[in-house]
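J.: The structure that follows is given in the form of structure tokens.
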Amino acid sequence: MPTFTIDTIDPTVSSRWDSFLDYLEESGGPVGKALSVNLLRRLTIEAPVVVGFCFACVLIHLLNDTVMPGVSFKMGVDDSFQAFSVMQYVRLLSHIFAHDGINHLKGNMINLLLVGPSAEHVFGSYNMLIIFVLVAVTSAFAHIVVGGYHTRQLGASGVCFALILLNSLVSAKAGKIPLSFLLTAGLWITDEVLRMVWSTDGVSHHAHLTGAIVGTLAGYELHRRQEQEKVRRIATAWRGKSK
């Protein structure tokens with residue numbers, strides 16, 4: 001997957017960004033110039049989906065705490081499904097962007113930024129986006145089926161679990177099971193199953209498990225496709241040489 005620099009995102013954004021940096025270097029004194037030359041002009045976006053998702057989550061949290069109080073709760077998915085409610089279908093996706101407080105947000109963002117970029121680099125931004133959507137929808141229905149009575153689920157914890165398991169499969173090969181994956185799955189999933197059965201902490205452990213399952217299945221499916229594509233390229237190159 002290519003690395004996106006600020007200059008390759010959009011010509012208009014790039015032009016305005018350059019103008020801002022030029023102004024900062026001219027008017028910001030030695031500190032502004034050093035900040036621009038040594039940091040801001042070197043910024044890259046190595047994982048646009050993960051980083052963009054994190055920014056969106058932070059924005060929702062800021063809106064909830066300032067001009068739109070309660071918006072996070074409204075984005076959460078209910079424990080019942082109302083087939084004729086438009087918002088019900090919106091919440092199947094929106095709940096992963098909303099968080100219940102700064103600690104909830106901070107914990108999920110740290111986990112995402114730790115494991116997400118490497119997984120996105122290996123499996124690609126488009127596939128990462130599909131995984132986010134799958135985790136959102138499946139964990140939402142998991143909450144509808146087994147969630148607590150009159151509760152709402154919100155947060156990116158399911159996405160975090162998906163990327164943790166997906167990241168442990170980065171080095172997987174066809175027909176092989178990485179030991180790191182078994183250790184990660186064993187430690188995390190066992191704990192989540194026990195907490196889902198016995199704990200009353202109000203955490204959506206079923207969302208964590210759903211994310212783990214999606215991340216595992218996606219990891220092996222993406223590796224299978226990559227192996228098939230590798231074989232296809234080799235076969236195409238071999239046929240080209242034999243002509």
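Residue numbering restarts at 1 for every chain of the structure tokens, chains are lettered A, B, ... in their displayed order, and ligands are numbered from 1 as they appear.
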Considering only C-alpha atoms, return as a ChimeraX atom specification whatever protein or nucleic-acid residues lie within 8 Å of Ala119 in chain A, sequence-local ones (same chain, fewer than 4 positions apart) excluded.

T.: /A:115,123-124,163,166-167,170

J.: Write out the residues from the selection above, keeping C-alpha atoms, as a PDB file, in the first residue's frame.

T.:
```pdb
ATOM      1  CA  VAL A 115      -1.925  -2.151  15.696  1.00  0.00           C
ATOM      2  CA  PHE A 123      -3.814  -5.690   3.750  1.00  0.00           C
ATOM      3  CA  GLY A 124      -4.611  -2.335   2.117  1.00  0.00           C
ATOM      4  CA  LEU A 163      -7.258  -5.165  14.253  1.00  0.00           C
ATOM      5  CA  LEU A 166      -5.685  -9.083  12.186  1.00  0.00           C
ATOM      6  CA  ASN A 167      -2.302  -7.651  13.128  1.00  0.00           C
ATOM      7  CA  VAL A 170       0.277 -10.180   9.282  1.00  0.00           C
TER       8      VAL A 170
END
```

J.: Excluding Glu192 in chain A and residues on its chain fewer than 5 positions from it, collect all residues at most 9 Å away from it, counting only C-alpha atoms, and give them as a list of chain:residue names.

T.: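 The neighbour list is A:Leu187, A:Val197, A:His205, A:His206, A:His208, A:Leu209.
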
J.: Restrict the selected residues to all heavy atoms and save them as an mmCIF file, in the first residue's frame.

T.:
```cif
data_model
loop_
_atom_site.group_PDB
_atom_site.id
_atom_site.type_symbol
_atom_site.label_atom_id
_atom_site.label_comp_id
_atom_site.auth_asym_id
_atom_site.auth_seq_id
_atom_site.Cartn_x
_atom_site.Cartn_y
_atom_site.Cartn_z
ATOM 1 N N LEU A 187 -5.313 -15.523 24.982
ATOM 2 C CA LEU A 187 -5.320 -14.629 26.138
ATOM 3 C C LEU A 187 -6.500 -13.661 26.110
ATOM 4 O O LEU A 187 -7.190 -13.477 27.112
ATOM 5 C CB LEU A 187 -3.999 -13.860 26.205
ATOM 6 C CG LEU A 187 -2.756 -14.695 26.526
ATOM 7 C CD1 LEU A 187 -1.501 -13.843 26.370
ATOM 8 C CD2 LEU A 187 -2.841 -15.256 27.942
ATOM 9 N N VAL A 197 -19.716 -13.744 30.425
ATOM 10 C CA VAL A 197 -20.582 -14.644 31.177
ATOM 11 C C VAL A 197 -20.775 -14.173 32.618
ATOM 12 O O VAL A 197 -21.891 -14.188 33.153
ATOM 13 C CB VAL A 197 -20.002 -16.074 31.163
ATOM 14 C CG1 VAL A 197 -20.843 -16.993 32.063
ATOM 15 C CG2 VAL A 197 -19.974 -16.616 29.739
ATOM 16 N N HIS A 205 -18.751 -6.947 25.922
ATOM 17 C CA HIS A 205 -17.747 -7.967 25.611
ATOM 18 C C HIS A 205 -18.116 -8.759 24.361
ATOM 19 O O HIS A 205 -17.240 -9.278 23.669
ATOM 20 C CB HIS A 205 -17.574 -8.901 26.804
ATOM 21 C CG HIS A 205 -17.041 -8.227 28.021
ATOM 22 N ND1 HIS A 205 -15.730 -7.803 28.124
ATOM 23 C CD2 HIS A 205 -17.647 -7.860 29.186
ATOM 24 C CE1 HIS A 205 -15.544 -7.227 29.305
ATOM 25 N NE2 HIS A 205 -16.691 -7.243 29.961
ATOM 26 N N HIS A 206 -19.408 -8.824 24.058
ATOM 27 C CA HIS A 206 -19.824 -9.508 22.830
ATOM 28 C C HIS A 206 -19.330 -8.746 21.599
ATOM 29 O O HIS A 206 -19.058 -9.355 20.565
ATOM 30 C CB HIS A 206 -21.340 -9.672 22.791
ATOM 31 C CG HIS A 206 -22.096 -8.422 23.124
ATOM 32 N ND1 HIS A 206 -22.407 -8.064 24.419
ATOM 33 C CD2 HIS A 206 -22.586 -7.436 22.340
ATOM 34 C CE1 HIS A 206 -23.079 -6.928 24.414
ATOM 35 N NE2 HIS A 206 -23.190 -6.512 23.168
ATOM 36 N N HIS A 208 -16.458 -7.138 21.512
ATOM 37 C CA HIS A 208 -15.044 -7.503 21.429
ATOM 38 C C HIS A 208 -14.892 -8.857 20.733
ATOM 39 O O HIS A 208 -14.039 -9.021 19.852
ATOM 40 C CB HIS A 208 -14.439 -7.593 22.827
ATOM 41 C CG HIS A 208 -14.483 -6.301 23.575
ATOM 42 N ND1 HIS A 208 -14.060 -6.182 24.888
ATOM 43 C CD2 HIS A 208 -14.888 -5.057 23.202
ATOM 44 C CE1 HIS A 208 -14.205 -4.934 25.289
ATOM 45 N NE2 HIS A 208 -14.711 -4.232 24.283
ATOM 46 N N LEU A 209 -15.709 -9.817 21.129
ATOM 47 C CA LEU A 209 -15.630 -11.148 20.534
ATOM 48 C C LEU A 209 -15.999 -11.121 19.055
ATOM 49 O O LEU A 209 -15.376 -11.794 18.229
ATOM 50 C CB LEU A 209 -16.546 -12.109 21.292
ATOM 51 C CG LEU A 209 -16.093 -12.479 22.703
ATOM 52 C CD1 LEU A 209 -17.182 -13.259 23.427
ATOM 53 C CD2 LEU A 209 -14.812 -13.302 22.648
#
```

J.: Running DSSP on the backbone, which parts of range 109-236 of chain A land in helix (DSSP H, G or I), as JSON, numbers by chain?

T.: {"A": [109, 110, 111, 112, 113, 114, 115, 116, 117, 118, 119, 120, 121, 122, 123, 125, 126, 127, 128, 129, 130, 131, 132, 133, 134, 135, 136, 137, 138, 139, 140, 141, 142, 143, 144, 145, 146, 157, 158, 159, 160, 161, 162, 163, 164, 165, 166, 167, 179, 180, 181, 182, 183, 184, 185, 186, 187, 188, 189, 190, 191, 192, 193, 194, 195, 196, 197, 198, 205, 206, 207, 208, 209, 210, 211, 212, 213, 214, 215, 216, 217, 218, 219, 220, 221, 222, 223, 224, 225, 226, 227, 228, 229, 230, 231, 232, 233, 234, 235, 236]}

J.: Could you tell me how far CA of Asp79 in chain A lies from CA of Ile144 in chain A, in Å and to one decimal?

T.: 4.2 Å

J.: Can you work out the spacing between CA of Val133 in chain A and CA of Val50 in chain A in Å, to one decimal?

T.: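 These two atoms are separated by 12.6 Å.
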
J.: Go through A:Asn127, A:Gln153, A:Ala185, A:Val137 and flag the residue nearest His99 in chain A, using only C-alpha atoms for the distances.

T.: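 Ranking A:Asn127, A:Gln153, A:Ala185, A:Val137 by distance to His99 in chain A, first place goes to A:Gln153.
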
J.: Could you list, as a list in words, every residue within 12 Å of Asp22 in chain A, counting only C-alpha atoms and ignoring same-chain residues fewer than 6 positions away?

T.: Ser15, Arg16, Gly28, Gly29, Gly32, Lys33, Ala34, Leu35, Ser36, Val37, Leu40 and Arg41 of chain A

J.: Store the residues picked out above in a file with C-alpha atoms, as a tab-separated table (two decimals), in the first residue's frame.

T.:
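The result, stored in part.tsv:
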```tsv
chain	number	residue	atom	x	y	z
A	15	SER	CA	-1.93	24.18	-2.05
A	16	ARG	CA	-3.55	25.63	1.05
A	28	GLY	CA	6.38	32.54	12.86
A	29	GLY	CA	9.96	33.42	13.66
A	32	GLY	CA	7.67	28.59	13.40
A	33	LYS	CA	10.22	28.04	10.66
A	34	ALA	CA	11.84	25.14	12.51
A	35	LEU	CA	8.43	23.56	13.16
A	36	SER	CA	7.46	23.84	9.51
A	37	VAL	CA	10.74	22.64	7.99
A	40	LEU	CA	5.00	19.81	9.26
A	41	ARG	CA	6.45	19.54	5.74
```

J.: Once DSSP has gone over the backbone, tell me which residues of range 6-243 of chain A are in strand (DSSP E or B), as a list in words.

T.: Thr44, Ile45, Val77, Asp78, Arg152 and Gln153 of chain A

J.: With all heavy atoms retained, write the just-selected residues as a PDB file, in the first residue's frame.

T.:
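The result, stored in selection_7.pdb:
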```
ATOM      1  N   THR A  44       3.398  12.520   6.844  1.00  0.00           N
ATOM      2  CA  THR A  44       2.845  11.532   5.931  1.00  0.00           C
ATOM      3  C   THR A  44       1.662  10.853   6.607  1.00  0.00           C
ATOM      4  O   THR A  44       1.540  10.851   7.830  1.00  0.00           O
ATOM      5  CB  THR A  44       3.879  10.451   5.544  1.00  0.00           C
ATOM      6  OG1 THR A  44       4.275   9.751   6.736  1.00  0.00           O
ATOM      7  CG2 THR A  44       5.085  11.071   4.880  1.00  0.00           C
ATOM      8  N   ILE A  45       0.788  10.299   5.797  1.00  0.00           N
ATOM      9  CA  ILE A  45      -0.355   9.540   6.311  1.00  0.00           C
ATOM     10  C   ILE A  45      -0.167   8.110   5.846  1.00  0.00           C
ATOM     11  O   ILE A  45      -0.554   7.742   4.735  1.00  0.00           O
ATOM     12  CB  ILE A  45      -1.689  10.124   5.816  1.00  0.00           C
ATOM     13  CG1 ILE A  45      -1.783  11.611   6.171  1.00  0.00           C
ATOM     14  CG2 ILE A  45      -2.858   9.366   6.426  1.00  0.00           C
ATOM     15  CD1 ILE A  45      -3.022  12.294   5.640  1.00  0.00           C
ATOM     16  N   VAL A  77     -26.049   2.060  19.276  1.00  0.00           N
ATOM     17  CA  VAL A  77     -27.042   1.122  18.771  1.00  0.00           C
ATOM     18  C   VAL A  77     -27.854   0.563  19.934  1.00  0.00           C
ATOM     19  O   VAL A  77     -27.324   0.222  20.984  1.00  0.00           O
ATOM     20  CB  VAL A  77     -26.364  -0.022  17.971  1.00  0.00           C
ATOM     21  CG1 VAL A  77     -25.458  -0.865  18.862  1.00  0.00           C
ATOM     22  CG2 VAL A  77     -27.395  -0.893  17.290  1.00  0.00           C
ATOM     23  N   ASP A  78     -29.193   0.486  19.742  1.00  0.00           N
ATOM     24  CA  ASP A  78     -30.095  -0.016  20.779  1.00  0.00           C
ATOM     25  C   ASP A  78     -30.008  -1.529  20.903  1.00  0.00           C
ATOM     26  O   ASP A  78     -29.443  -2.222  20.056  1.00  0.00           O
ATOM     27  CB  ASP A  78     -31.542   0.370  20.454  1.00  0.00           C
ATOM     28  CG  ASP A  78     -31.768   1.864  20.557  1.00  0.00           C
ATOM     29  OD1 ASP A  78     -31.297   2.462  21.531  1.00  0.00           O
ATOM     30  OD2 ASP A  78     -32.426   2.425  19.663  1.00  0.00           O
ATOM     31  N   ARG A 152     -27.416   0.753  25.347  1.00  0.00           N
ATOM     32  CA  ARG A 152     -26.892   1.155  24.039  1.00  0.00           C
ATOM     33  C   ARG A 152     -25.410   0.842  23.966  1.00  0.00           C
ATOM     34  O   ARG A 152     -24.694   1.007  24.953  1.00  0.00           O
ATOM     35  CB  ARG A 152     -27.114   2.652  23.785  1.00  0.00           C
ATOM     36  CG  ARG A 152     -28.531   2.995  23.418  1.00  0.00           C
ATOM     37  CD  ARG A 152     -28.637   4.315  22.690  1.00  0.00           C
ATOM     38  NE  ARG A 152     -29.986   4.527  22.219  1.00  0.00           N
ATOM     39  CZ  ARG A 152     -30.366   5.523  21.425  1.00  0.00           C
ATOM     40  NH1 ARG A 152     -29.448   6.397  21.005  1.00  0.00           N
ATOM     41  NH2 ARG A 152     -31.611   5.661  21.042  1.00  0.00           N
ATOM     42  N   GLN A 153     -25.001   0.381  22.809  1.00  0.00           N
ATOM     43  CA  GLN A 153     -23.590   0.061  22.595  1.00  0.00           C
ATOM     44  C   GLN A 153     -22.940   1.156  21.766  1.00  0.00           C
ATOM     45  O   GLN A 153     -23.467   1.564  20.742  1.00  0.00           O
ATOM     46  CB  GLN A 153     -23.481  -1.269  21.847  1.00  0.00           C
ATOM     47  CG  GLN A 153     -22.056  -1.648  21.458  1.00  0.00           C
ATOM     48  CD  GLN A 153     -22.013  -2.986  20.762  1.00  0.00           C
ATOM     49  OE1 GLN A 153     -22.146  -4.029  21.395  1.00  0.00           O
ATOM     50  NE2 GLN A 153     -21.850  -2.977  19.442  1.00  0.00           N
TER      51      GLN A 153
END
```

J.: Check the smallest atom-to-atom distance from each of A:Leu21, A:Ile177, A:Val51, A:Ala235 to Asn38 in chain A using only C-alpha atoms, then report the winner.

T.: A:Leu21

J.: Can you work out the spacing between CA of Val146 in chain A and CA of Thr184 in chain A in Å, to one decimal?

T.: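 Distance reported for this atom pair: 24.5 Å.
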
J.: From the list A:Val67, A:Val193, A:Leu59, A:Leu165, which residue is nearest Tyr220 in chain A when using only C-alpha atoms?

T.: A:Leu165

J.: Quick one: residues within 10 Å of Gly107 in chain A, only C-alpha atoms, excluding same-chain residues fewer than 5 positions away - as a ChimeraX atom specification?

T.: /A:102,112,156-157,160

J.: For a quick check of understanding, using only C-alpha atoms, which of A:Asn103, A:Asn108, A:Ser27, A:Ser118 has the smallest distance to Ala47 in chain A?

T.: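 Checking each candidate against Ala47 in chain A, we get A:Ser118 as the closest.
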
J.: Need the shell around Cys54 in chain A: protein/DNA/RNA residues with any atom at most 12 Å away, counting only C-alpha atoms. Skip same-chain ones fewer than 6 positions apart. Format as an MDAnalysis selection string?

T.: chainID A and resid 47:48 60:61 96:99 105:114 116:117 155:156 159:160

J.: Could you save the residues just selected, with N, CA, C and O atoms, as a short mmCIF file (atom, residue, chain, number, x, y, z; two decimals), in the first residue's frame?

T.:
```
data_model
loop_
_atom_site.label_atom_id
_atom_site.label_comp_id
_atom_site.auth_asym_id
_atom_site.auth_seq_id
_atom_site.Cartn_x
_atom_site.Cartn_y
_atom_site.Cartn_z
N ALA A 47 -1.43 5.37 7.08
CA ALA A 47 -2.61 4.53 7.22
C ALA A 47 -3.85 5.42 7.19
O ALA A 47 -4.42 5.74 8.24
N PRO A 48 -4.28 5.86 6.02
CA PRO A 48 -5.35 6.86 5.92
C PRO A 48 -6.67 6.43 6.54
O PRO A 48 -7.37 7.26 7.13
N ILE A 60 -16.20 13.59 16.93
CA ILE A 60 -17.50 13.29 17.51
C ILE A 60 -17.47 13.55 19.02
O ILE A 60 -18.41 14.12 19.59
N HIS A 61 -16.39 13.16 19.66
CA HIS A 61 -16.28 13.37 21.10
C HIS A 61 -16.25 14.86 21.44
O HIS A 61 -16.90 15.30 22.41
N ILE A 96 -19.71 2.92 16.21
CA ILE A 96 -18.26 2.72 16.42
C ILE A 96 -17.51 4.05 16.49
O ILE A 96 -16.34 4.07 16.91
N PHE A 97 -18.14 5.15 16.12
CA PHE A 97 -17.49 6.46 16.17
C PHE A 97 -17.68 7.15 17.52
O PHE A 97 -16.94 8.08 17.85
N ALA A 98 -18.69 6.74 18.29
CA ALA A 98 -19.04 7.43 19.53
C ALA A 98 -18.43 6.71 20.73
O ALA A 98 -18.29 5.48 20.73
N HIS A 99 -18.07 7.49 21.76
CA HIS A 99 -17.44 6.91 22.95
C HIS A 99 -18.03 7.52 24.22
O HIS A 99 -18.48 8.67 24.22
N LEU A 105 -12.50 6.77 24.91
CA LEU A 105 -11.95 7.21 23.62
C LEU A 105 -10.44 7.03 23.57
O LEU A 105 -9.90 6.46 22.60
N LYS A 106 -9.75 7.48 24.59
CA LYS A 106 -8.29 7.42 24.61
C LYS A 106 -7.78 5.99 24.51
O LYS A 106 -6.85 5.68 23.75
N GLY A 107 -8.39 5.09 25.27
CA GLY A 107 -7.97 3.69 25.24
C GLY A 107 -8.11 3.07 23.87
O GLY A 107 -7.20 2.39 23.38
N ASN A 108 -9.25 3.31 23.23
CA ASN A 108 -9.47 2.74 21.90
C ASN A 108 -8.56 3.36 20.85
O ASN A 108 -8.05 2.65 19.96
N MET A 109 -8.34 4.66 20.93
CA MET A 109 -7.49 5.31 19.94
C MET A 109 -6.04 4.82 20.05
O MET A 109 -5.35 4.61 19.04
N ILE A 110 -5.56 4.63 21.28
CA ILE A 110 -4.20 4.13 21.47
C ILE A 110 -4.06 2.74 20.86
O ILE A 110 -3.10 2.44 20.14
N ASN A 111 -5.02 1.87 21.14
CA ASN A 111 -4.97 0.51 20.59
C ASN A 111 -5.03 0.52 19.06
O ASN A 111 -4.29 -0.23 18.40
N LEU A 112 -5.89 1.35 18.51
CA LEU A 112 -6.01 1.43 17.06
C LEU A 112 -4.71 1.90 16.41
O LEU A 112 -4.27 1.34 15.40
N LEU A 113 -4.10 2.92 16.99
CA LEU A 113 -2.88 3.47 16.41
C LEU A 113 -1.67 2.56 16.63
O LEU A 113 -0.69 2.65 15.89
N LEU A 114 -1.75 1.68 17.61
CA LEU A 114 -0.67 0.73 17.84
C LEU A 114 -0.68 -0.41 16.83
O LEU A 114 0.37 -0.81 16.32
N GLY A 116 -3.22 -0.77 14.13
CA GLY A 116 -3.89 -0.52 12.87
C GLY A 116 -2.99 -0.23 11.68
O GLY A 116 -3.18 -0.82 10.60
N PRO A 117 -2.02 0.68 11.81
CA PRO A 117 -1.21 1.03 10.63
C PRO A 117 -0.48 -0.14 9.99
O PRO A 117 -0.44 -0.24 8.76
N GLY A 155 -18.77 2.80 20.74
CA GLY A 155 -17.32 2.70 20.88
C GLY A 155 -16.69 1.81 19.83
O GLY A 155 -17.35 0.99 19.19
N ALA A 156 -15.37 1.98 19.67
CA ALA A 156 -14.61 1.27 18.64
C ALA A 156 -13.88 0.05 19.20
O ALA A 156 -12.92 -0.43 18.60
N VAL A 159 -13.71 -2.84 16.81
CA VAL A 159 -12.73 -2.58 15.75
C VAL A 159 -11.32 -2.83 16.27
O VAL A 159 -10.48 -3.40 15.57
N CYS A 160 -11.06 -2.41 17.50
CA CYS A 160 -9.74 -2.64 18.11
C CYS A 160 -9.42 -4.12 18.16
O CYS A 160 -8.31 -4.55 17.79
#
```

J.: For Arg91 in chain A, list every protein, DNA or RNA residue within 6 Å, evaluated using only C-alpha atoms, and leave out those in the same chain fewer than 3 positions away; present the list as a ChimeraX atom specification.

T.: /A:75,77,87-88,94-95

J.: Just to be explicit: take each residue in the selection above, keep N, CA and C atoms, and write the result as a PDB file, in the first residue's frame.

T.:
```pdb
ATOM      1  N   MET A  75     -25.864   8.188  18.743  1.00  0.00           N
ATOM      2  CA  MET A  75     -25.217   7.387  17.711  1.00  0.00           C
ATOM      3  C   MET A  75     -25.077   5.920  18.110  1.00  0.00           C
ATOM      4  N   VAL A  77     -26.049   2.060  19.276  1.00  0.00           N
ATOM      5  CA  VAL A  77     -27.042   1.122  18.771  1.00  0.00           C
ATOM      6  C   VAL A  77     -27.854   0.563  19.934  1.00  0.00           C
ATOM      7  N   MET A  87     -32.934   5.802  11.510  1.00  0.00           N
ATOM      8  CA  MET A  87     -31.794   5.932  12.420  1.00  0.00           C
ATOM      9  C   MET A  87     -31.267   4.577  12.882  1.00  0.00           C
ATOM     10  N   GLN A  88     -32.150   3.572  12.896  1.00  0.00           N
ATOM     11  CA  GLN A  88     -31.689   2.237  13.283  1.00  0.00           C
ATOM     12  C   GLN A  88     -30.592   1.753  12.341  1.00  0.00           C
ATOM     13  N   SER A  94     -22.826   3.993  12.891  1.00  0.00           N
ATOM     14  CA  SER A  94     -22.376   5.184  13.634  1.00  0.00           C
ATOM     15  C   SER A  94     -21.876   4.855  15.038  1.00  0.00           C
ATOM     16  N   HIS A  95     -22.304   3.745  15.600  1.00  0.00           N
ATOM     17  CA  HIS A  95     -21.967   3.477  17.007  1.00  0.00           C
ATOM     18  C   HIS A  95     -20.466   3.313  17.241  1.00  0.00           C
TER      19      HIS A  95
END
```
